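Colleague: For reference, the structure I am asking about is given below.
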Amino acid sequence: MADAPLKLAVPRGALFGETLDLLDAAGIDTSEMRGDSRSLIFEASGMTFVTMRPSDVPTYVEAGAADVGITGKDVLLEQADRVVYELLDLGFGRCRMVLAARTGNDRLGEAQRRLGMMRIATKYPRIAEDYFESTGRRVELIEVKGSVELAPLVGLGDGIVDLVATGRTLEENELEVREEIVDCTARFVANRVAHKLRAAEIDELTAKLREASAR
Amino acid sequence: MIHPIPPGTRDVLPDEMRELRKLQRALMEVFEGRGYGEVATPSIEYDELMARADGPTRSSYRFFDESGELLALRSDMTVPIARLVASRFAAGEPPFRFSYLASGFRAVRPQSGQMREFLQAGVELIGAAPGEGTVEVIEVLEAALDAAGLGRAVIGLGDADLYRQLLEELGVEGEARDSILISLATHDLVGLEQKLIDAGIGTEQAQTCVRLTQLRGGSEVLEQAHGLGGEAVERATARLSETYEELRRRGIADRVQIDLGLLRELGYYSGAILEVYDPALGHVLGGGGRYDGLMQQFGLDLSAAGFALYLDRVHTAQLEEARRG
């Protein structure tokens, strides 16, 4: 199937740098993507690279607008109804999904004991809902888009569910981790049809990335 | 003034309808020409009947009628046709060949872009010898794809029993097995490897299983599989090899891709399973396979196989292919 070049969805943002490092290690030329060009699409090493927000990667890959992509496990869990094949744990971008609350303040525990219900602010309603359901607790989820650390500080909710890399942001906002929900790293995903019809190309790229990420 | 319709449903306007009708006629002509007479069944069935297809997740729309009976909108055509054969043709001489063009209805997750009502065209072949039935169904499917102008479409051929038997052989049972099969069906290889290791089969064995799911291609895939597994793999590759050889004898193996990672979500398949892809579309066009177990549920000891194509997706692929020139 000598169609158009294989299209890889590359996440901009927190995962961008390490994704490019990994592609370099796999022998793919990323110099153009590293430049300060405002383009969103790049051609290099016989492939097409489409840069986008990490949370858009499953959308593009599911629809086949990109054949393969790289994004965080947190994104995949939050969009679990998107049908994409998860081929590889790339190991980088490690962070934890946690339940956090104000340091030294028992409002969270008290809400659970007295009301049997916690109010939780989060950008990840799906992950939070699944977690609390699987641990048999009732919560009211408040979905926010921006800095979720703000919510409990001003009384919006008793705690937050959020992604933590170093824990510094939490600390600076006088929040502490109460429970660990799941570890997340970057994953290599593929469109279901591309995985079948461009098997050789995708297998080759998977092998290269596996080797590069093991280094 | 705008009067909304429920999400996951749609209107069809004349331009598209003309194209859809043309596609439908082309497909139904192929089916009829090969002895698959068209049947129609009610859109509503007793819920207890549709439950046989749905499995534990139940995606049918269900409701009570005026006398309190629980009814369900049909979620596919395979179960109603199995019912029809069992109740009307039990004394007849198999094989039975039927085709259909019908809407199915399924509950979907909001905003997922999936359709709640979808039009399917397909065939069911009930009571042919197992291997022969699979081959004949693939032959009809190829003719249908040709009639739709999808010369580049590929048919994935897998085995639904492979992993059930492999996990049994490895001593993985109960919840662990079910959870592993879910990872397989959704093709979450990272989760799959971890779950296999957690089930206590050893890292090396787990990696071998994961590698097995990545084997897809021509007959060389069967050779590669030999090196990877024990009895369950042998049995599955023997079944696939037999089917593939027969396809080759009939000169229709070219667009069939053997795929050891194929696992369809519908619970009633056993043995061969099929999926249809076209390079112009990121979504699966349709699928099918063998469902002997379902016929047994209806009290008939007959081998059965069939496929269904999603008309809207075939139409979209057709337009993309035409645009490509």
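Letters A, B, ... mark the chains of the structure tokens in the order given; residue numbers begin at 1 per chain; ligand numbers begin at 1, in order shown.
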Using only C-alpha atoms, which chain A residues lie at most 10 Å away from chain B, written as a ChimeraX atom specification?
Modeller: /A:1,3,60-67,79-90,187-200,203
Colleague: Determine, counting only C-alpha atoms, which protein, DNA and RNA residues have an atom within 10 Å of an atom of region 63-68 of chain B; residues of the same chain fewer than 5 positions away are not included. Present the result as a PyMOL selection string.
Modeller: chain B and resi 44+46-47+73
Colleague: Extract, using only C-alpha atoms, all DNA, RNA and protein residues at most 12 Å from Arg248 (chain B), discarding same-chain residues fewer than 4 positions from it, and format them as a tab-separated table (two decimals) with N, CA, C and O atoms, in the first residue's frame.
Modeller:
```tsv
chain	number	residue	atom	x	y	z
B	135	VAL	N	-15.71	-20.13	3.69
B	135	VAL	CA	-15.14	-19.77	2.39
B	135	VAL	C	-16.21	-19.15	1.49
B	135	VAL	O	-15.97	-18.12	0.84
B	138	ILE	N	-16.96	-15.60	2.55
B	138	ILE	CA	-15.89	-14.67	2.13
B	138	ILE	C	-15.99	-14.38	0.63
B	138	ILE	O	-15.81	-13.24	0.19
B	139	GLU	N	-16.35	-15.41	-0.14
B	139	GLU	CA	-16.50	-15.24	-1.57
B	139	GLU	C	-17.61	-14.23	-1.89
B	139	GLU	O	-17.44	-13.34	-2.73
B	218	GLY	N	-0.10	-12.40	5.04
B	218	GLY	CA	-0.42	-13.56	4.22
B	218	GLY	C	-0.15	-14.86	4.96
B	218	GLY	O	-0.08	-14.88	6.19
B	219	SER	N	0.05	-15.95	4.21
B	219	SER	CA	0.19	-17.25	4.85
B	219	SER	C	1.48	-17.35	5.68
B	219	SER	O	1.60	-18.22	6.54
B	241	SER	N	-5.43	-22.06	8.22
B	241	SER	CA	-4.68	-22.52	7.07
B	241	SER	C	-5.60	-23.23	6.08
B	241	SER	O	-5.52	-23.02	4.87
B	242	GLU	N	-6.49	-24.06	6.61
B	242	GLU	CA	-7.43	-24.80	5.77
B	242	GLU	C	-8.30	-23.82	4.97
B	242	GLU	O	-8.47	-23.95	3.76
B	243	THR	N	-8.85	-22.84	5.69
B	243	THR	CA	-9.70	-21.84	5.04
B	243	THR	C	-8.90	-21.07	3.98
B	243	THR	O	-9.36	-20.88	2.85
B	244	TYR	N	-7.70	-20.65	4.35
B	244	TYR	CA	-6.88	-19.84	3.46
B	244	TYR	C	-6.51	-20.62	2.19
B	244	TYR	O	-6.55	-20.07	1.09
B	252	ILE	N	-9.19	-16.36	-4.54
B	252	ILE	CA	-9.73	-15.15	-3.89
B	252	ILE	C	-9.02	-14.88	-2.57
B	252	ILE	O	-9.57	-14.24	-1.67
B	253	ALA	N	-7.78	-15.35	-2.44
B	253	ALA	CA	-7.06	-15.15	-1.17
B	253	ALA	C	-6.33	-13.80	-1.13
B	253	ALA	O	-5.92	-13.35	-0.07
B	254	ASP	N	-6.19	-13.16	-2.29
B	254	ASP	CA	-5.35	-11.97	-2.38
B	254	ASP	C	-5.74	-10.85	-1.43
B	254	ASP	O	-4.89	-10.18	-0.86
B	255	ARG	N	-7.03	-10.63	-1.31
B	255	ARG	CA	-7.42	-9.50	-0.46
B	255	ARG	C	-7.81	-9.94	0.94
B	255	ARG	O	-8.40	-9.17	1.68
B	256	VAL	N	-7.47	-11.19	1.30
B	256	VAL	CA	-7.73	-11.65	2.65
B	256	VAL	C	-6.44	-11.55	3.45
B	256	VAL	O	-5.39	-11.98	3.01
```
Colleague: Name the residues of region 33-70 of chain A that fall into alpha helix (DSSP H) according to DSSP on the backbone, using the chain letters and numbers of this document, as a list in words.
Modeller: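 Selection result, alpha helix (DSSP H) within region 33-70 of chain A: Met33, Arg34, Val57, Pro58, Thr59, Tyr60, Val61, Glu62 and Ala63 of chain A.
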Colleague: Could you name the residues that touch region 87-96 of chain B at 7 Å or less, counting only C-alpha atoms, but leaving out those on the same chain fewer than 2 positions away, as JSON, numbers by chain?
Modeller: {"B": [83, 84, 85, 98, 125, 126, 127, 128]}
Colleague: If you keep N, CA and C atoms, can you produce a file of those selected residues as a PDB file, in the first residue's frame?
Modeller:
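Listing of result12.pdb after writing:
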```
ATOM      1  N   ARG B  83     -33.405 -16.997  14.671  1.00  0.00           N
ATOM      2  CA  ARG B  83     -34.744 -17.311  15.184  1.00  0.00           C
ATOM      3  C   ARG B  83     -35.655 -17.771  14.051  1.00  0.00           C
ATOM      4  N   LEU B  84     -35.605 -17.021  12.943  1.00  0.00           N
ATOM      5  CA  LEU B  84     -36.464 -17.318  11.797  1.00  0.00           C
ATOM      6  C   LEU B  84     -36.187 -18.724  11.250  1.00  0.00           C
ATOM      7  N   VAL B  85     -34.908 -19.072  11.149  1.00  0.00           N
ATOM      8  CA  VAL B  85     -34.558 -20.397  10.639  1.00  0.00           C
ATOM      9  C   VAL B  85     -35.031 -21.474  11.604  1.00  0.00           C
ATOM     10  N   PHE B  98     -29.763 -16.664   3.326  1.00  0.00           N
ATOM     11  CA  PHE B  98     -30.623 -15.483   3.414  1.00  0.00           C
ATOM     12  C   PHE B  98     -29.789 -14.205   3.357  1.00  0.00           C
ATOM     13  N   LEU B 125     -25.436 -17.741   6.125  1.00  0.00           N
ATOM     14  CA  LEU B 125     -25.414 -19.070   5.513  1.00  0.00           C
ATOM     15  C   LEU B 125     -25.470 -20.080   6.649  1.00  0.00           C
ATOM     16  N   ILE B 126     -26.587 -20.800   6.725  1.00  0.00           N
ATOM     17  CA  ILE B 126     -26.819 -21.669   7.881  1.00  0.00           C
ATOM     18  C   ILE B 126     -26.939 -23.116   7.421  1.00  0.00           C
ATOM     19  N   GLY B 127     -26.093 -23.975   7.978  1.00  0.00           N
ATOM     20  CA  GLY B 127     -26.183 -25.397   7.695  1.00  0.00           C
ATOM     21  C   GLY B 127     -25.250 -25.905   6.612  1.00  0.00           C
ATOM     22  N   ALA B 128     -24.274 -25.106   6.178  1.00  0.00           N
ATOM     23  CA  ALA B 128     -23.242 -25.609   5.271  1.00  0.00           C
ATOM     24  C   ALA B 128     -22.145 -26.236   6.128  1.00  0.00           C
TER      25      ALA B 128
END
```
Colleague: Using Å and a single decimal, report how far CA of Gln165 (chain B) sits from CA of Asp178 (chain B).
Modeller: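 Interatomic distance, CA of Asp178 (chain B) to CA of Gln165 (chain B): 12.6 Å.
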Colleague: Excluding Asn173 (chain A) and residues on its chain fewer than 4 positions from it, collect all residues at most 8 Å away from it, counting only C-alpha atoms, and give them as a PyMOL selection string.
Modeller: chain A and resi 149-150+153+169
